[in-house]
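Below: one structure, written as structure tokens.
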Amino acid sequence: MNNKYTHIREGERRQIYTLLREGKEQLYIATRLKRDPWTISREISRHSVDGLYMPAYAQREYENIRSEINKWRSKLKSNSKMIKEIKRYMIKKKWSPDALAGRKRKKGKPFVSTMTIYNYIRNWEPSLKKYLKNKKWYKKHYSKEIKKILLEMNIRRIDERPIIVDKRIRIGDREGDTIHSSWSERKWWMVTIVDRKSKYLEGKKLIRRNSEETIKGVIDLLWKHESKKILTITLDNGKEFSGFEDQENLIGIKTYRAHKYASHERWTNEETNGMLRAFFPKKTNFSKISDKEIEEAIKFINLRPRKSLGYKCAYEVFHGVNLRL
């Protein structure tokens with residue numbers, strides 16, 4: 001292991017992701033990267049969504065936080081007098097950072113904010129942590145907002161999608177969504193993908209309601225027809241697809257997301273899911289529905305002539321054949 005600690009690099013994050021996909025244990029990964037096992041464990045736990053490690057998200061979070069740290073540091077770095085004053089009040093008078101910053105503001109004196117002091121302590125003066133009443137306070141304030149921003153940064157919106165996708169002139173542009181089970185069995189659900197040109201539907205029942213299971217389900221469906229080139233996929237904005245963008249290198253396709261509360265942007269998928277709901281109404285308990293029943297329902301839909309397809313069925317357009325129906 002390295003005696004001197006260094007931050008995990010971007011290349012190492014990609015290696016962690018690859019090794020996890022291969023089913024390697026954290027101890028093996030730590031040995032392979034010559035890192036402390038606790039370092040690898042923290043990295044994976046901090047940057048996983050529903051159990052799925054996200055290297056792109058982890059790198060963006062790291063870069064963003066380092067940028068913030070540099071801003072915090074610069075506010076105090078050039079003011080050694082203020083740093084000494086903070087130390088004196090905290091060590092000798094037992095004042096909290098909030099009490100110190102608040103008192104200075106009350107007197108009209110220029111001073112850094114409470115948050116700046118906490119972040120400075122956290123990143124550059126850890127020896128002062130023992131003088132904090134609530135030693136975990138400094139961890140709470142930026143994480144949710146930063147994660148929300150970084151997740152958005154990692155997303156490619158539908159506005160960036162090539163115009164050719166909107167024209168529906170080629171096979172290979174997909175849309176994806178989920179169908180929920182009844183409220184009493186809400187952990188069961190289905191993931192569906194539809195080809196935009198042919199309207200060919202594929203679906204799979206999932207046992208666990210989380211992004212890791214959903215993403216695996218989508219990838220299984222995409223790889224079902226290896227001879228059919230998959231070009232793009234447009235997904236719902238829901239958190240069940242969180243981290244799908246990190247799979248792009250694995251599956252080799254561009255991923256786009258619809259905007260919030262804009263189901264019309266994936267109308268092909270929404271319309272086809274509506275047909276599927278004719279077989280499985282909203283209160284259906286998917287735990288009691290077999291895979292064969294789902295396959296039969298999807299088969300009925302794919303073999304139904306559609307006016308929008310010139311009264312061909314989705315199966316014929318997708319596979320380029322003519323059937324005797």
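A note on labels: chains of the structure tokens are A, B, ... as shown, every chain counts residues from 1, and ligands are counted from 1 in their shown order.
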Practice prompt. Would you mind listing what lies within 12 Å of Arg306 of chain A as a ChimeraX atom specification, with only C-alpha atoms counted and same-chain residues fewer than 6 positions away left out?
Written response: /A:198-200,272,312-317
Practice prompt. Write out as a PyMOL selection string each polymer residue whose atoms come within 12 Å of Tyr89 of chain A, counting only C-alpha atoms; drop sequence neighbours fewer than 2 positions from it.
Written response: chain A and resi 82-87+91-101+103-104+128+131-132
Export C-alpha atoms of the chosen residues as a tab-separated table (two decimals), in the first residue's frame?
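Heads up, here's the output in again_7.tsv:
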chain	number	residue	atom	x	y	z
A	82	MET	CA	-8.42	36.03	11.01
A	83	ILE	CA	-7.18	32.43	11.26
A	84	LYS	CA	-5.42	33.23	14.56
A	85	GLU	CA	-8.57	34.91	15.84
A	86	ILE	CA	-10.69	31.86	14.96
A	87	LYS	CA	-8.26	29.56	16.78
A	91	ILE	CA	-9.62	27.04	21.85
A	92	LYS	CA	-9.56	29.56	24.71
A	93	LYS	CA	-13.16	30.82	24.81
A	94	LYS	CA	-14.80	27.61	23.56
A	95	TRP	CA	-16.90	29.53	21.03
A	96	SER	CA	-18.52	27.72	18.14
A	97	PRO	CA	-17.87	28.92	14.56
A	98	ASP	CA	-21.47	30.12	14.36
A	99	ALA	CA	-21.17	32.09	17.61
A	100	LEU	CA	-17.96	33.72	16.40
A	101	ALA	CA	-19.19	34.61	12.90
A	103	ARG	CA	-21.05	37.98	16.91
A	104	LYS	CA	-18.71	39.64	14.41
A	128	LEU	CA	-9.82	22.11	15.50
A	131	TYR	CA	-13.39	21.81	19.76
A	132	LEU	CA	-16.67	21.46	17.81
Per residue of segment 21-108 of chain A within 12 Å of segment 209-220 of chain A, record the nearest atom pair and its distance in Å to one decimal, counting only C-alpha atoms, with rows in chain order and ascending residue number, as JSON lines.
{"residue": "A:Arg21", "atom": "CA", "partner": "A:Lys216", "partner_atom": "CA", "distance": 11.2}
{"residue": "A:Ser48", "atom": "CA", "partner": "A:Glu212", "partner_atom": "CA", "distance": 9.8}
{"residue": "A:Val49", "atom": "CA", "partner": "A:Ser211", "partner_atom": "CA", "distance": 7.4}
{"residue": "A:Asp50", "atom": "CA", "partner": "A:Ser211", "partner_atom": "CA", "distance": 5.8}
{"residue": "A:Gly51", "atom": "CA", "partner": "A:Glu212", "partner_atom": "CA", "distance": 6.4}
{"residue": "A:Leu52", "atom": "CA", "partner": "A:Glu212", "partner_atom": "CA", "distance": 5.6}
{"residue": "A:Tyr53", "atom": "CA", "partner": "A:Glu212", "partner_atom": "CA", "distance": 9.3}
{"residue": "A:Met54", "atom": "CA", "partner": "A:Glu212", "partner_atom": "CA", "distance": 10.8}
Discussion item. Give me the residues near Ala278 of chain A as number ranges by chain, where near means some atom within 12 Å (using only C-alpha atoms) and where sequence neighbours in that chain fewer than 4 positions away do not count.
Written reply: A: 271-274, 282-284, 294, 297-298, 300-301
Discussion item. Here is a test: counting only C-alpha atoms, which residue of A:Val194, A:Ile16, A:Ile29, A:Ile155 is nearest to His47 of chain A?
Written reply: A:Ile16
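Distances here use only C-alpha atoms; by that measure, the residue among A:Lys204, A:Lys81, A:Leu19, A:Arg66 closest to Thr31 of chain A is A:Leu19.
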Item to complete: Please provide the set of residues having any atom within 12 Å of segment 289-291 of chain A, restricted to only C-alpha atoms, with same-chain residues fewer than 6 positions apart removed, written as a PyMOL selection string.
Response: chain A and resi 181-182+185+188-190+203-207+279-281+297-298
Item to complete: With a distance cut-off of 12 Å and only C-alpha atoms, select the neighbouring residues of Glu270 of chain A, excluding the residue or stretch itself and same-chain residues fewer than 3 positions from it, and output the selection as a list in words.
Response: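 Within the cut-off, the hits are Glu175, Gly176, Asp177, Thr178, Ile179, Thr192, Ile193, Val194, Arg196, Lys199, Leu201, Leu235, Asp236, Ala262, Ser263, His264, Glu265, Arg266, Trp267, Asn273, Gly274, Met275, Leu276 and Arg277 of chain A.
Using only C-alpha atoms, the shortest contact distance between Lys34 of chain A and any of A:Thr18, A:Ser308, A:Thr6, A:Thr255 is found at A:Thr6.
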Practice prompt. Could you give me the residues within segment 93-293 of chain A that DSSP places in alpha helix (DSSP H), as a count of residues only?
Written response: 69
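Distances here use only C-alpha atoms; by that measure, the residue among A:Glu202, A:Asp195, A:Glu63, A:Glu293 closest to Val165 of chain A is A:Asp195.
Of the residues under consideration (A:Arg174, A:Lys106, A:Lys292, A:His319), A:Arg174 shows the shortest atom-to-atom contact distance to Ile253 of chain A when counting only C-alpha atoms.
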Item to complete: Would you kindly return, as a list in words, each protein, DNA or RNA residue with an atom no farther than 12 Å from any atom of Gln15 of chain A, considering only C-alpha atoms and excluding same-chain residues fewer than 2 positions away?
Response: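 Contacts, with the query itself left out: Ile8, Arg9, Glu10, Gly11, Glu12, Arg13, Tyr17, Thr18, Leu19, Leu20, Arg21, Glu22, Lys24, Gln26, Tyr28, Ile29, Ala30, Arg32, Leu33, Ile40, Ile44, Tyr53, Met54, Pro55 and Ala56 of chain A.
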